[in-house]
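Q: This is the structure I want to talk about, given as structure tokens.
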Amino acid sequence: MSNAINVYSAPEVHTAIEESLPAVFSRLGYKQDFRLLDTRLLLGYLTAITAAVSFVLDRKFKWDDVLIYQKALVGLYVVFSSAFWLFSRYGERHAVYQGQQGQERITVRMQPEPGSEHSLVTLEDGAGGRLEARLAAPGVFSADGHLQFGKLHRWFEEQLGLLVQKKRQ
């Protein structure tokens with residue numbers, strides 16, 4: 001049984017559902033893919049390393065001696081930071097799970113609806129299929145705030161079925 005949460009707190013509901021998605025999709029036969037997370041980490045590390053090298057050069061050498069290198073490092077920092085922002089804004093776009101079952105890929109994007117107990121869940125497959133649905137927190141949580149894994153599993157199973165039907169039409 002899961003830990004009880006405040007079902008009226010959108011961040012807590014979002015986090016609880018997000019943390020259970022790997023188990024839900026594992027039961028549906030998907031293997032989690034970490035490409036988005038790996039890309040995010042790579043861009044973050046490159047940005048941090050660039051800043052660290054700039055700091056060390058600034059501390060160890062005279063300003064005039066390293067000015068050309070500092071200009072290059074600042075340029076690199078801007079490039080990496082911009083790439084990180086663009087990736088977060090347009091690459092990830094609220095992606096909370098990405099998985100694969102054989103050749104079939106699935107991406108789950110989840111965004112809480114402001115002032116509502118619903119979350120907007122978008123399922124995307126690798127072939128361009130897309131399904132948007134509203135997940136109601138009271139439908140997958142008990143009255144005392146425990147996540148009901150079976151109900152969440154069934155909800156996603158139904159949505160995947162609808163996505164497959166939508167692709168066939």
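In the structure tokens, the first chain shown is A, the next is B, and so on; residue numbers restart at 1 for each chain, and ligands run from 1 in the order shown.
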Residues within 12 Å of Met110 of chain A, please, as a ChimeraX atom specification. Count only C-alpha atoms; anything in the same chain fewer than 2 positions from it doesn't count.

A: /A:10-11,13-15,17-18,21,92-98,107-108,112-113,118-124,131-135

Q: Taking N, CA and C atoms for each residue, export the selection above as a PDB file, in the first residue's frame.

A:
```pdb
ATOM      1  N   ALA A  10      -2.318  19.265  -5.663  1.00  0.00           N
ATOM      2  CA  ALA A  10      -1.968  18.850  -7.033  1.00  0.00           C
ATOM      3  C   ALA A  10      -0.521  18.359  -7.145  1.00  0.00           C
ATOM      4  N   PRO A  11       0.454  19.036  -6.518  1.00  0.00           N
ATOM      5  CA  PRO A  11       1.824  18.521  -6.631  1.00  0.00           C
ATOM      6  C   PRO A  11       2.000  17.130  -6.016  1.00  0.00           C
ATOM      7  N   VAL A  13      -0.347  14.784  -5.697  1.00  0.00           N
ATOM      8  CA  VAL A  13      -1.033  13.837  -6.572  1.00  0.00           C
ATOM      9  C   VAL A  13      -0.174  13.559  -7.801  1.00  0.00           C
ATOM     10  N   HIS A  14       0.342  14.618  -8.405  1.00  0.00           N
ATOM     11  CA  HIS A  14       1.178  14.492  -9.597  1.00  0.00           C
ATOM     12  C   HIS A  14       2.401  13.621  -9.305  1.00  0.00           C
ATOM     13  N   THR A  15       3.073  13.881  -8.187  1.00  0.00           N
ATOM     14  CA  THR A  15       4.269  13.124  -7.820  1.00  0.00           C
ATOM     15  C   THR A  15       3.946  11.665  -7.548  1.00  0.00           C
ATOM     16  N   ILE A  17       1.468   9.836  -8.710  1.00  0.00           N
ATOM     17  CA  ILE A  17       1.144   9.143  -9.962  1.00  0.00           C
ATOM     18  C   ILE A  17       2.409   8.960 -10.801  1.00  0.00           C
ATOM     19  N   GLU A  18       3.214  10.002 -10.883  1.00  0.00           N
ATOM     20  CA  GLU A  18       4.445   9.935 -11.677  1.00  0.00           C
ATOM     21  C   GLU A  18       5.370   8.829 -11.164  1.00  0.00           C
ATOM     22  N   LEU A  21       4.239   5.282 -12.323  1.00  0.00           N
ATOM     23  CA  LEU A  21       4.161   4.966 -13.749  1.00  0.00           C
ATOM     24  C   LEU A  21       5.123   3.857 -14.207  1.00  0.00           C
ATOM     25  N   GLU A  92      11.226  17.899 -23.752  1.00  0.00           N
ATOM     26  CA  GLU A  92      10.558  17.119 -22.706  1.00  0.00           C
ATOM     27  C   GLU A  92       9.059  17.392 -22.654  1.00  0.00           C
ATOM     28  N   ARG A  93       8.678  18.647 -22.619  1.00  0.00           N
ATOM     29  CA  ARG A  93       7.273  19.058 -22.580  1.00  0.00           C
ATOM     30  C   ARG A  93       6.432  18.219 -21.609  1.00  0.00           C
ATOM     31  N   HIS A  94       6.777  18.246 -20.345  1.00  0.00           N
ATOM     32  CA  HIS A  94       6.024  17.566 -19.286  1.00  0.00           C
ATOM     33  C   HIS A  94       6.054  16.048 -19.398  1.00  0.00           C
ATOM     34  N   ALA A  95       7.058  15.488 -20.041  1.00  0.00           N
ATOM     35  CA  ALA A  95       7.154  14.033 -20.145  1.00  0.00           C
ATOM     36  C   ALA A  95       7.505  13.453 -18.783  1.00  0.00           C
ATOM     37  N   VAL A  96       6.731  12.481 -18.338  1.00  0.00           N
ATOM     38  CA  VAL A  96       6.977  11.847 -17.043  1.00  0.00           C
ATOM     39  C   VAL A  96       7.361  10.381 -17.193  1.00  0.00           C
ATOM     40  N   TYR A  97       7.131   9.811 -18.373  1.00  0.00           N
ATOM     41  CA  TYR A  97       7.502   8.417 -18.593  1.00  0.00           C
ATOM     42  C   TYR A  97       7.724   8.208 -20.082  1.00  0.00           C
ATOM     43  N   GLN A  98       8.741   7.412 -20.380  1.00  0.00           N
ATOM     44  CA  GLN A  98       9.003   7.019 -21.754  1.00  0.00           C
ATOM     45  C   GLN A  98       9.407   5.556 -21.710  1.00  0.00           C
ATOM     46  N   THR A 107       5.247   7.524 -24.904  1.00  0.00           N
ATOM     47  CA  THR A 107       5.644   8.660 -24.071  1.00  0.00           C
ATOM     48  C   THR A 107       4.400   9.157 -23.354  1.00  0.00           C
ATOM     49  N   VAL A 108       4.525   9.347 -22.052  1.00  0.00           N
ATOM     50  CA  VAL A 108       3.418   9.843 -21.241  1.00  0.00           C
ATOM     51  C   VAL A 108       3.782  11.238 -20.760  1.00  0.00           C
ATOM     52  N   PRO A 112      -0.868  18.909 -14.432  1.00  0.00           N
ATOM     53  CA  PRO A 112      -2.063  19.162 -13.617  1.00  0.00           C
ATOM     54  C   PRO A 112      -2.878  20.333 -14.173  1.00  0.00           C
ATOM     55  N   GLU A 113      -4.190  20.192 -14.146  1.00  0.00           N
ATOM     56  CA  GLU A 113      -5.051  21.281 -14.573  1.00  0.00           C
ATOM     57  C   GLU A 113      -5.226  22.229 -13.388  1.00  0.00           C
ATOM     58  N   HIS A 118      -8.179  17.164 -11.672  1.00  0.00           N
ATOM     59  CA  HIS A 118      -7.815  16.380 -12.844  1.00  0.00           C
ATOM     60  C   HIS A 118      -6.405  16.717 -13.311  1.00  0.00           C
ATOM     61  N   SER A 119      -5.801  15.745 -13.969  1.00  0.00           N
ATOM     62  CA  SER A 119      -4.525  15.951 -14.651  1.00  0.00           C
ATOM     63  C   SER A 119      -4.749  15.645 -16.122  1.00  0.00           C
ATOM     64  N   LEU A 120      -4.149  16.439 -16.972  1.00  0.00           N
ATOM     65  CA  LEU A 120      -4.217  16.191 -18.405  1.00  0.00           C
ATOM     66  C   LEU A 120      -3.083  15.229 -18.751  1.00  0.00           C
ATOM     67  N   VAL A 121      -3.442  14.043 -19.216  1.00  0.00           N
ATOM     68  CA  VAL A 121      -2.470  13.011 -19.562  1.00  0.00           C
ATOM     69  C   VAL A 121      -2.481  12.845 -21.078  1.00  0.00           C
ATOM     70  N   THR A 122      -1.307  12.917 -21.669  1.00  0.00           N
ATOM     71  CA  THR A 122      -1.162  12.735 -23.105  1.00  0.00           C
ATOM     72  C   THR A 122      -0.313  11.499 -23.353  1.00  0.00           C
ATOM     73  N   LEU A 123      -0.855  10.571 -24.118  1.00  0.00           N
ATOM     74  CA  LEU A 123      -0.116   9.371 -24.517  1.00  0.00           C
ATOM     75  C   LEU A 123       0.279   9.526 -25.975  1.00  0.00           C
ATOM     76  N   GLU A 124       1.557   9.332 -26.258  1.00  0.00           N
ATOM     77  CA  GLU A 124       2.053   9.438 -27.630  1.00  0.00           C
ATOM     78  C   GLU A 124       2.817   8.170 -27.961  1.00  0.00           C
ATOM     79  N   LEU A 131      -3.104  10.648 -27.870  1.00  0.00           N
ATOM     80  CA  LEU A 131      -4.377  10.602 -27.177  1.00  0.00           C
ATOM     81  C   LEU A 131      -4.279  11.457 -25.920  1.00  0.00           C
ATOM     82  N   GLU A 132      -5.218  12.386 -25.771  1.00  0.00           N
ATOM     83  CA  GLU A 132      -5.279  13.212 -24.567  1.00  0.00           C
ATOM     84  C   GLU A 132      -6.475  12.771 -23.741  1.00  0.00           C
ATOM     85  N   ALA A 133      -6.268  12.632 -22.432  1.00  0.00           N
ATOM     86  CA  ALA A 133      -7.332  12.220 -21.535  1.00  0.00           C
ATOM     87  C   ALA A 133      -7.157  12.935 -20.205  1.00  0.00           C
ATOM     88  N   ARG A 134      -8.251  13.014 -19.467  1.00  0.00           N
ATOM     89  CA  ARG A 134      -8.221  13.640 -18.140  1.00  0.00           C
ATOM     90  C   ARG A 134      -8.287  12.543 -17.091  1.00  0.00           C
ATOM     91  N   LEU A 135      -7.300  12.544 -16.210  1.00  0.00           N
ATOM     92  CA  LEU A 135      -7.239  11.581 -15.121  1.00  0.00           C
ATOM     93  C   LEU A 135      -7.712  12.273 -13.847  1.00  0.00           C
TER      94      LEU A 135
END
```

Q: I'd like to know which residues of segment 85-166 of chain A are strand (DSSP E or B) (by DSSP, run on the backbone); could you write them as a PyMOL selection string?

A: chain A and resi 95-101+104-112+118-125+130-136+141+147

Q: Excluding same-chain residues fewer than 2 positions from Gln32 of chain A, what lies within 9 Å of it counting only C-alpha atoms, as number ranges by chain?

A: A: 22, 25-26, 30, 34, 97-100
